[in-house]
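Since the structure comes first, as structure tokens, the remarks are kept for the end.
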Amino acid sequence: MDTNPSGRRRFLKQAAALAGVAAGAGAGAEWGARGQSAGSAGKTDNFNPEAEGYDHRELLRRGARMTVDHITYYTPLQDYAGIITPASLHFVQYHASHFPDIDAKQHRLTIHGMVDRPMSFSMDDLKRLPSVSRIHFVECHANGSPMIHNAGNENMGPPVQFIWGMASNSEWTGVPLSVLLNIVGVQKEASWLVYEGADPGKFSHTMPLAKAMDDCIVAYGQNGETVRVEQGYPIRMIVPGWEGPFNVKYLSHIKVVDEPYHTWNESMNHSVIRNDIGGKSRWYHFEWAPKSVITRPSAGMNIRPGYVEITGLAWSGGGKITKVDVSTDGGQSWKEAKLQAPVLTKAQARFNFDWVWDGQECVIQSRCVDENGVVQPSRAELYKDWGIAETDKPARAIHFNAMQPWRVASDGSLHDAMFA
Amino acid sequence: MRCSLSLLVPVMLLVAPATGLAQSAQFNVGKPLSQEEIKSFDFMIGPEGQQLPPGQGTAKEGAVVFAKRCEVCHGKEGRNGVLRRLVIGTPGHPHTGTFTEADVAGPSYYPDATIAWDYINRAMPVPKPGSLTHDEVYAVVAFLLYQNGIINEGDVMDAKTLPKVQMPNRDGFVPAKPVYPPEPKPSWW
């Protein structure tokens, strides 16, 4: 991939220059450089795995949180408009220390287990098959957990980014998983799949066969370009509307089975201890409940008295968003926001709300309803449902979809009011 | 809508095998896998452990492997490491009662003993995942189960004994046997 040393040096110089420009532009700019797709900013497409000079280590220049066994990037929800998350800004929650270096020409997807014809597919095979492109959100199961509200640091952006930014929305292109399963011939006793990525942690997950045959995509494209390294190059699973860990990256093996496998990640990392079931752990959550958040204005920003456009995103794993309401008085009264077309199933929808701020302290928040009639709860309602004490901030609360209140102070500054 | 979906699914499953052959020929893609090839990558282990390979190990053997390959991250005997506390409870005295978020990394929390084997075999140790022999994996799992107070020091772990280990938190998961659509239903379903 990187055979030309002089090209490589040139690329590194350009990348360093770009990083400098980006840092300068970000200081004091309302629409900061965080909202700009790094790949589109210069001549070298340093985020395209198939471009000359590509080096995924460039990602390390982007603000993020990293530990020995985790790499996390938060989507800057506050910095972009519309509904598509630029691929370079799509969140990452990765369970190993480094991204794998996969040669797409050598990569194979195998499907075996309870099938009539176990087979392996090259990338060339996959791209010869019927394809679909669909817009869907992907969201980490722990996005918005109570503990993250005071966990921010300067690398993680403003609160709406680090609290809710493990959700992103892309157009995914690939082969419907059902097409591949029909080719290999699923046996009638089968009821689940277990599938594995080629990352160092061999991220694995179980999925019911009914979902696999419904709307899943083995994706090789994202927003019109090749899936990027940090997003699972060369292929990843897209499981529309379901919690993040189902969307296994670097997809390499699918085994058709007749029971859930309780893999380490899903039983340990993706179960959650809950008081409402006597301290036992809830697991196998599947789809996301409806969720919305005001992205602008939000904590860390400032507004002036007079006209203010309130804008945000709403999404649900259950289908389409049908309604978003906004309250500017702490939830006492609600007015309907405008939903901007397109409003797609299992995808983020953009809402806008015209507001005139009178300069008085207040609390703004949004709530949404999906096509199944499910209403986004307040934090108090969610806590009651889950048996969490009012004063408690559980470390993780998987599937946390409470409304996010932002407090507007009389000087126009905004603050996180979830626990205030 | 949900009713119609769950009615449709069995129909699709019945249809799939009949149309599969025609589609395969039609698309002319993919390469059939031999049993030998499948064996070379088929390492995922289910909760009942029928897929476990031959091999065996004890806690004593595992202590040696653990000190060499695992201790650097997970600490001496799996306690107080820089990453993922793997041991709660002590030999002969398993953890009892409920768990906190700090307790979930190690096998005391897992519903099945096979999870430890599957994960260690495929994903550990971090610098070189998959580099432990099957005997070494059985031994490390035996060591961790012993340190967590779940098995005795002399117990031999192999494909037959490991799935039979009584895990203290086996009943700690809801639903006990996951089904789809979920039962009990989450509040939003």
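In the structure tokens, the first chain shown is A, the next is B, and so on; residue numbers restart at 1 for each chain, and ligands run from 1 in the order shown.
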
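When the distance limit is 6 Å and only C-alpha atoms are what count, the residues near Gln187 (chain A), minus those fewer than 2 positions from it on the same chain, are Met114, Val115, Glu189 and Ala190 of chain A.
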
Mind writing the picked residues with C-alpha atoms as a PDB file, in the first residue's frame?
ATOM      1  CA  MET A 114     -25.949 -24.988   9.650  1.00  0.00           C
ATOM      2  CA  VAL A 115     -25.928 -24.282   5.921  1.00  0.00           C
ATOM      3  CA  GLU A 189     -33.179 -26.008  12.312  1.00  0.00           C
ATOM      4  CA  ALA A 190     -31.048 -22.839  12.395  1.00  0.00           C
TER       5      ALA A 190
END

Practice task
Pick out the residues sitting within 12 Å of Thr391 (chain A), and hand them over as an NGL selection string; count only C-alpha atoms, and ignore anything fewer than 3 positions along from it in its own chain.
Solution key: :A and (146 or 379-380 or 383-384 or 387-388 or 394 or 418-420)

Handout entry: Nearest-residue call for Lys127 (chain A), choices A:Gly185, A:Gly300, A:Gly373, A:Gly221, using only C-alpha atoms
Key =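 Nearest to Lys127 (chain A): A:Gly221.
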
Quick one: which chain A residues come within 6 Å of chain B, and what is the nearest atom pair for each with the distance in Å to one decimal, counting only C-alpha atoms, rows ordered by chain and ascending number, as CSV?
residue,atom,partner,partner_atom,distance
A:Pro118,CA,B:Leu33,CA,5.4
A:Met119,CA,B:Pro32,CA,4.3
A:Ser120,CA,B:Lys31,CA,5.2
A:Phe121,CA,B:Gly30,CA,4.6
A:Asp125,CA,B:Val29,CA,5.3
A:Asn182,CA,B:Gly20,CA,4.6
A:Ile183,CA,B:Gly20,CA,4.8
A:Gly185,CA,B:Pro17,CA,4.8
A:Gly201,CA,B:Ala123,CA,4.6
A:Lys202,CA,B:Ala123,CA,5.7
A:Ala210,CA,B:Val9,CA,5.9
A:Tyr261,CA,B:Gly46,CA,4.7
A:Trp264,CA,B:Ile115,CA,5.8
A:Gly279,CA,B:Thr98,CA,5.9
A:Lys280,CA,B:Gly172,CA,4.8
A:Ser281,CA,B:Phe173,CA,4.8
A:Arg282,CA,B:Val174,CA,4.9
A:Ala289,CA,B:Trp188,CA,6.0

Exercise for the section: Tell me, as an MDAnalysis selection string, which residues lie within 8 Å of region 253-255 of chain A, counting only C-alpha atoms; anything in the same chain fewer than 5 positions away does not count. Expected result: chainID A and resid 109:114 193:197

Problem - Residues of region 53-108 of chain B in strand (DSSP E or B), written as a list in words - result: Gln56, Gly57, Gly89, Thr90, His93 and Pro94 of chain B

Exercise for the section: Quick one: pull the distance between CA of Asp354 (chain A) and CA of His90 (chain A), Å, one decimal. Expected result: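 Value for the CA of Asp354 (chain A)-CA of His90 (chain A) distance: 28.1 Å.
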
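All residues of protein, DNA or RNA that reach within 6 Å of region 228-238 of chain A, judged by only C-alpha atoms and not counting those fewer than 3 positions away in the chain, are Pro49, Ala104, Cys216, Ile217, Val218, Ala219, Tyr220, Asn247, Val248, Lys249, Tyr250 and Leu251 of chain A.
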
Exercise for the section: Determine the nearest neighbour of His141 (chain A) from the options A:Leu89, A:Ile398, A:Ile102, A:Ile277, counting only C-alpha atoms. Expected result: A:Ile398

Practice task
One decimal, Å: what's the distance from CA of Cys70 (chain B) over to CA of Val87 (chain B), could you say?
Solution key: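 About the pair CA of Cys70 (chain B) and CA of Val87 (chain B): they are 12.8 Å apart.
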
I need the helix (DSSP H, G or I) residues of chain B per DSSP on the backbone, written as an mmCIF file with N, CA and C atoms, in the first residue's frame.
data_model
loop_
_atom_site.group_PDB
_atom_site.id
_atom_site.type_symbol
_atom_site.label_atom_id
_atom_site.label_comp_id
_atom_site.auth_asym_id
_atom_site.auth_seq_id
_atom_site.Cartn_x
_atom_site.Cartn_y
_atom_site.Cartn_z
ATOM 1 N N ARG B 2 -45.425 -5.792 13.935
ATOM 2 C CA ARG B 2 -44.541 -6.818 14.498
ATOM 3 C C ARG B 2 -45.116 -8.210 14.297
ATOM 4 N N CYS B 3 -46.451 -8.318 14.375
ATOM 5 C CA CYS B 3 -47.098 -9.615 14.170
ATOM 6 C C CYS B 3 -46.811 -10.095 12.756
ATOM 7 N N SER B 4 -46.993 -9.184 11.783
ATOM 8 C CA SER B 4 -46.831 -9.615 10.404
ATOM 9 C C SER B 4 -45.381 -10.011 10.151
ATOM 10 N N LEU B 5 -44.431 -9.321 10.793
ATOM 11 C CA LEU B 5 -43.020 -9.663 10.609
ATOM 12 C C LEU B 5 -42.736 -11.071 11.138
ATOM 13 N N SER B 6 -43.239 -11.367 12.325
ATOM 14 C CA SER B 6 -42.907 -12.681 12.890
ATOM 15 C C SER B 6 -43.620 -13.798 12.140
ATOM 16 N N LEU B 7 -44.742 -13.489 11.462
ATOM 17 C CA LEU B 7 -45.385 -14.509 10.637
ATOM 18 C C LEU B 7 -44.606 -14.740 9.347
ATOM 19 N N LEU B 8 -44.032 -13.648 8.847
ATOM 20 C CA LEU B 8 -43.303 -13.736 7.581
ATOM 21 C C LEU B 8 -42.030 -14.550 7.697
ATOM 22 N N VAL B 9 -41.372 -14.435 8.839
ATOM 23 C CA VAL B 9 -40.037 -15.009 8.952
ATOM 24 C C VAL B 9 -39.993 -16.517 8.698
ATOM 25 N N PRO B 10 -40.888 -17.285 9.329
ATOM 26 C CA PRO B 10 -40.845 -18.724 9.057
ATOM 27 C C PRO B 10 -41.049 -19.040 7.579
ATOM 28 N N VAL B 11 -41.881 -18.251 6.915
ATOM 29 C CA VAL B 11 -42.112 -18.471 5.487
ATOM 30 C C VAL B 11 -40.821 -18.262 4.715
ATOM 31 N N MET B 12 -40.117 -17.166 5.057
ATOM 32 C CA MET B 12 -38.858 -16.891 4.373
ATOM 33 C C MET B 12 -37.853 -18.016 4.588
ATOM 34 N N LEU B 13 -37.841 -18.544 5.794
ATOM 35 C CA LEU B 13 -36.865 -19.596 6.090
ATOM 36 C C LEU B 13 -37.184 -20.857 5.306
ATOM 37 N N LEU B 14 -38.467 -21.112 5.118
ATOM 38 C CA LEU B 14 -38.844 -22.300 4.351
ATOM 39 C C LEU B 14 -38.469 -22.132 2.885
ATOM 40 N N VAL B 15 -38.632 -20.912 2.408
ATOM 41 C CA VAL B 15 -38.376 -20.650 0.995
ATOM 42 C C VAL B 15 -36.877 -20.653 0.702
ATOM 43 N N ALA B 16 -36.103 -20.180 1.683
ATOM 44 C CA ALA B 16 -34.680 -19.953 1.430
ATOM 45 C C ALA B 16 -33.931 -21.161 0.856
ATOM 46 N N PRO B 17 -34.019 -22.352 1.472
ATOM 47 C CA PRO B 17 -33.245 -23.465 0.949
ATOM 48 C C PRO B 17 -33.631 -23.830 -0.487
ATOM 49 N N ALA B 18 -34.919 -23.669 -0.817
ATOM 50 C CA ALA B 18 -35.382 -24.053 -2.143
ATOM 51 C C ALA B 18 -34.801 -23.131 -3.217
ATOM 52 N N THR B 19 -34.698 -21.829 -2.888
ATOM 53 C CA THR B 19 -34.219 -20.888 -3.897
ATOM 54 C C THR B 19 -32.701 -20.750 -3.861
ATOM 55 N N GLY B 20 -32.078 -21.209 -2.792
ATOM 56 C CA GLY B 20 -30.645 -20.993 -2.595
ATOM 57 C C GLY B 20 -29.786 -21.521 -3.732
ATOM 58 N N LEU B 21 -30.046 -22.743 -4.144
ATOM 59 C CA LEU B 21 -29.218 -23.382 -5.166
ATOM 60 C C LEU B 21 -29.303 -22.600 -6.469
ATOM 61 N N ALA B 22 -30.536 -22.245 -6.831
ATOM 62 C CA ALA B 22 -30.731 -21.499 -8.071
ATOM 63 C C ALA B 22 -29.969 -20.176 -8.009
ATOM 64 N N GLN B 23 -30.052 -19.497 -6.866
ATOM 65 C CA GLN B 23 -29.383 -18.202 -6.746
ATOM 66 C C GLN B 23 -27.874 -18.344 -6.810
ATOM 67 N N SER B 24 -27.358 -19.388 -6.157
ATOM 68 C CA SER B 24 -25.918 -19.598 -6.148
ATOM 69 C C SER B 24 -25.411 -19.752 -7.576
ATOM 70 N N ALA B 25 -26.115 -20.602 -8.342
ATOM 71 C CA ALA B 25 -25.710 -20.829 -9.720
ATOM 72 C C ALA B 25 -25.854 -19.541 -10.531
ATOM 73 N N GLN B 26 -26.924 -18.831 -10.245
ATOM 74 C CA GLN B 26 -27.211 -17.603 -10.981
ATOM 75 C C GLN B 26 -26.110 -16.563 -10.771
ATOM 76 N N PHE B 27 -25.677 -16.393 -9.530
ATOM 77 C CA PHE B 27 -24.688 -15.355 -9.248
ATOM 78 C C PHE B 27 -23.270 -15.807 -9.585
ATOM 79 N N GLN B 35 -14.320 -29.203 4.646
ATOM 80 C CA GLN B 35 -14.339 -29.375 6.107
ATOM 81 C C GLN B 35 -12.976 -29.006 6.704
ATOM 82 N N GLU B 36 -11.899 -29.328 5.977
ATOM 83 C CA GLU B 36 -10.546 -28.982 6.445
ATOM 84 C C GLU B 36 -10.378 -27.471 6.590
ATOM 85 N N GLU B 37 -10.849 -26.754 5.567
ATOM 86 C CA GLU B 37 -10.743 -25.283 5.612
ATOM 87 C C GLU B 37 -11.552 -24.724 6.778
ATOM 88 N N ILE B 38 -12.770 -25.241 6.947
ATOM 89 C CA ILE B 38 -13.621 -24.742 8.043
ATOM 90 C C ILE B 38 -12.919 -24.955 9.384
ATOM 91 N N LYS B 39 -12.316 -26.127 9.530
ATOM 92 C CA LYS B 39 -11.601 -26.440 10.779
ATOM 93 C C LYS B 39 -10.521 -25.415 11.095
ATOM 94 N N SER B 40 -9.924 -24.827 10.048
ATOM 95 C CA SER B 40 -8.782 -23.932 10.253
ATOM 96 C C SER B 40 -9.190 -22.582 10.856
ATOM 97 N N PHE B 41 -10.489 -22.241 10.803
ATOM 98 C CA PHE B 41 -10.892 -20.943 11.377
ATOM 99 C C PHE B 41 -12.104 -21.039 12.299
ATOM 100 N N ALA B 59 -5.081 -25.807 37.275
ATOM 101 C CA ALA B 59 -4.754 -24.489 37.828
ATOM 102 C C ALA B 59 -3.244 -24.338 38.032
ATOM 103 N N LYS B 60 -2.600 -25.419 38.467
ATOM 104 C CA LYS B 60 -1.147 -25.337 38.719
ATOM 105 C C LYS B 60 -0.390 -25.041 37.434
ATOM 106 N N GLU B 61 -0.766 -25.755 36.365
ATOM 107 C CA GLU B 61 -0.122 -25.488 35.066
ATOM 108 C C GLU B 61 -0.460 -24.077 34.596
ATOM 109 N N GLY B 62 -1.705 -23.674 34.851
ATOM 110 C CA GLY B 62 -2.155 -22.352 34.412
ATOM 111 C C GLY B 62 -1.421 -21.225 35.103
ATOM 112 N N ALA B 63 -1.019 -21.443 36.373
ATOM 113 C CA ALA B 63 -0.306 -20.394 37.112
ATOM 114 C C ALA B 63 0.989 -20.024 36.388
ATOM 115 N N VAL B 64 1.653 -21.020 35.830
ATOM 116 C CA VAL B 64 2.918 -20.778 35.122
ATOM 117 C C VAL B 64 2.671 -19.973 33.850
ATOM 118 N N VAL B 65 1.665 -20.389 33.079
ATOM 119 C CA VAL B 65 1.338 -19.681 31.834
ATOM 120 C C VAL B 65 0.882 -18.260 32.141
ATOM 121 N N PHE B 66 0.041 -18.125 33.158
ATOM 122 C CA PHE B 66 -0.508 -16.808 33.511
ATOM 123 C C PHE B 66 0.615 -15.835 33.874
ATOM 124 N N ALA B 67 1.569 -16.301 34.681
ATOM 125 C CA ALA B 67 2.672 -15.435 35.107
ATOM 126 C C ALA B 67 3.472 -14.956 33.895
ATOM 127 N N LYS B 68 3.607 -15.826 32.917
ATOM 128 C CA LYS B 68 4.432 -15.511 31.751
ATOM 129 C C LYS B 68 3.689 -14.625 30.743
ATOM 130 N N ARG B 69 2.422 -14.922 30.494
ATOM 131 C CA ARG B 69 1.719 -14.301 29.369
ATOM 132 C C ARG B 69 0.635 -13.284 29.755
ATOM 133 N N GLU B 71 0.101 -11.850 33.322
ATOM 134 C CA GLU B 71 0.280 -11.058 34.538
ATOM 135 C C GLU B 71 0.627 -9.600 34.254
ATOM 136 N N VAL B 72 1.346 -9.350 33.153
ATOM 137 C CA VAL B 72 1.803 -7.992 32.853
ATOM 138 C C VAL B 72 0.630 -7.006 32.804
ATOM 139 N N CYS B 73 -0.511 -7.449 32.301
ATOM 140 C CA CYS B 73 -1.701 -6.573 32.267
ATOM 141 C C CYS B 73 -2.637 -6.830 33.448
ATOM 142 N N HIS B 74 -2.829 -8.111 33.775
ATOM 143 C CA HIS B 74 -3.913 -8.450 34.702
ATOM 144 C C HIS B 74 -3.460 -8.595 36.156
ATOM 145 N N LYS B 76 -0.709 -9.956 39.401
ATOM 146 C CA LYS B 76 -0.396 -11.251 39.977
ATOM 147 C C LYS B 76 -1.690 -11.971 40.346
ATOM 148 N N GLU B 77 -1.823 -13.191 39.902
ATOM 149 C CA GLU B 77 -3.014 -14.010 40.161
ATOM 150 C C GLU B 77 -4.301 -13.338 39.696
ATOM 151 N N GLY B 78 -4.217 -12.414 38.747
ATOM 152 C CA GLY B 78 -5.420 -11.789 38.198
ATOM 153 C C GLY B 78 -6.011 -10.706 39.070
ATOM 154 N N GLU B 101 -20.330 -2.852 38.668
ATOM 155 C CA GLU B 101 -19.692 -2.711 37.359
ATOM 156 C C GLU B 101 -18.198 -3.053 37.402
ATOM 157 N N ALA B 102 -17.579 -2.926 38.582
ATOM 158 C CA ALA B 102 -16.147 -3.204 38.693
ATOM 159 C C ALA B 102 -15.858 -4.708 38.733
ATOM 160 N N ASP B 103 -16.918 -5.526 38.843
ATOM 161 C CA ASP B 103 -16.725 -6.960 39.046
ATOM 162 C C ASP B 103 -16.891 -7.799 37.779
ATOM 163 N N THR B 114 -17.417 -21.648 29.465
ATOM 164 C CA THR B 114 -16.871 -21.719 28.104
ATOM 165 C C THR B 114 -16.513 -20.346 27.539
ATOM 166 N N ILE B 115 -17.162 -19.282 28.064
ATOM 167 C CA ILE B 115 -16.891 -17.929 27.564
ATOM 168 C C ILE B 115 -15.414 -17.581 27.770
ATOM 169 N N ALA B 116 -14.881 -17.941 28.943
ATOM 170 C CA ALA B 116 -13.469 -17.649 29.230
ATOM 171 C C ALA B 116 -12.572 -18.376 28.231
ATOM 172 N N TRP B 117 -12.886 -19.640 27.974
ATOM 173 C CA TRP B 117 -12.059 -20.418 27.039
ATOM 174 C C TRP B 117 -12.091 -19.804 25.649
ATOM 175 N N ASP B 118 -13.304 -19.498 25.184
ATOM 176 C CA ASP B 118 -13.491 -18.963 23.824
ATOM 177 C C ASP B 118 -12.747 -17.650 23.652
ATOM 178 N N TYR B 119 -12.892 -16.759 24.622
ATOM 179 C CA TYR B 119 -12.304 -15.424 24.471
ATOM 180 C C TYR B 119 -10.785 -15.477 24.591
ATOM 181 N N ILE B 120 -10.287 -16.198 25.591
ATOM 182 C CA ILE B 120 -8.826 -16.277 25.769
ATOM 183 C C ILE B 120 -8.185 -16.934 24.553
ATOM 184 N N ASN B 121 -8.830 -17.971 24.031
ATOM 185 C CA ASN B 121 -8.271 -18.685 22.890
ATOM 186 C C ASN B 121 -8.181 -17.809 21.641
ATOM 187 N N ARG B 122 -9.212 -16.994 21.409
ATOM 188 C CA ARG B 122 -9.238 -16.221 20.150
ATOM 189 C C ARG B 122 -8.615 -14.837 20.291
ATOM 190 N N ALA B 123 -8.740 -14.201 21.456
ATOM 191 C CA ALA B 123 -8.401 -12.774 21.549
ATOM 192 C C ALA B 123 -7.240 -12.455 22.478
ATOM 193 N N HIS B 134 -3.944 -25.057 22.913
ATOM 194 C CA HIS B 134 -5.212 -25.436 23.541
ATOM 195 C C HIS B 134 -4.986 -25.878 24.994
ATOM 196 N N ASP B 135 -3.916 -26.636 25.248
ATOM 197 C CA ASP B 135 -3.604 -27.033 26.627
ATOM 198 C C ASP B 135 -3.383 -25.804 27.517
ATOM 199 N N GLU B 136 -2.664 -24.815 26.963
ATOM 200 C CA GLU B 136 -2.405 -23.596 27.747
ATOM 201 C C GLU B 136 -3.696 -22.846 28.050
ATOM 202 N N VAL B 137 -4.610 -22.817 27.074
ATOM 203 C CA VAL B 137 -5.882 -22.126 27.315
ATOM 204 C C VAL B 137 -6.665 -22.852 28.414
ATOM 205 N N TYR B 138 -6.757 -24.186 28.307
ATOM 206 C CA TYR B 138 -7.446 -24.941 29.375
ATOM 207 C C TYR B 138 -6.800 -24.658 30.736
ATOM 208 N N ALA B 139 -5.471 -24.579 30.751
ATOM 209 C CA ALA B 139 -4.764 -24.368 32.017
ATOM 210 C C ALA B 139 -5.033 -22.972 32.583
ATOM 211 N N VAL B 140 -4.981 -21.944 31.724
ATOM 212 C CA VAL B 140 -5.232 -20.575 32.201
ATOM 213 C C VAL B 140 -6.669 -20.450 32.708
ATOM 214 N N VAL B 141 -7.616 -21.056 31.995
ATOM 215 C CA VAL B 141 -9.019 -21.012 32.433
ATOM 216 C C VAL B 141 -9.152 -21.714 33.787
ATOM 217 N N ALA B 142 -8.503 -22.875 33.935
ATOM 218 C CA ALA B 142 -8.546 -23.590 35.215
ATOM 219 C C ALA B 142 -7.982 -22.708 36.330
ATOM 220 N N PHE B 143 -6.866 -22.029 36.040
ATOM 221 C CA PHE B 143 -6.234 -21.151 37.027
ATOM 222 C C PHE B 143 -7.189 -20.033 37.463
ATOM 223 N N LEU B 144 -7.849 -19.400 36.483
ATOM 224 C CA LEU B 144 -8.755 -18.286 36.808
ATOM 225 C C LEU B 144 -9.981 -18.788 37.566
ATOM 226 N N LEU B 145 -10.521 -19.934 37.168
ATOM 227 C CA LEU B 145 -11.686 -20.485 37.873
ATOM 228 C C LEU B 145 -11.299 -20.862 39.308
ATOM 229 N N TYR B 146 -10.088 -21.384 39.485
ATOM 230 C CA TYR B 146 -9.612 -21.731 40.831
ATOM 231 C C TYR B 146 -9.425 -20.472 41.684
ATOM 232 N N GLN B 147 -8.762 -19.466 41.127
ATOM 233 C CA GLN B 147 -8.540 -18.225 41.884
ATOM 234 C C GLN B 147 -9.862 -17.549 42.263
ATOM 235 N N LEU B 162 -15.083 -28.785 31.480
ATOM 236 C CA LEU B 162 -15.267 -27.322 31.510
ATOM 237 C C LEU B 162 -16.742 -26.907 31.374
ATOM 238 N N PRO B 163 -17.474 -27.460 30.392
ATOM 239 C CA PRO B 163 -18.885 -27.010 30.264
ATOM 240 C C PRO B 163 -19.740 -27.375 31.476
ATOM 241 N N LYS B 164 -19.276 -28.329 32.299
ATOM 242 C CA LYS B 164 -20.075 -28.761 33.453
ATOM 243 C C LYS B 164 -19.815 -27.935 34.709
#

Practice task
Work out how far apart CA of Gln78 (chain A) and CA of Val369 (chain A) are and give it in Å to one decimal.
Solution key: 22.0 Å
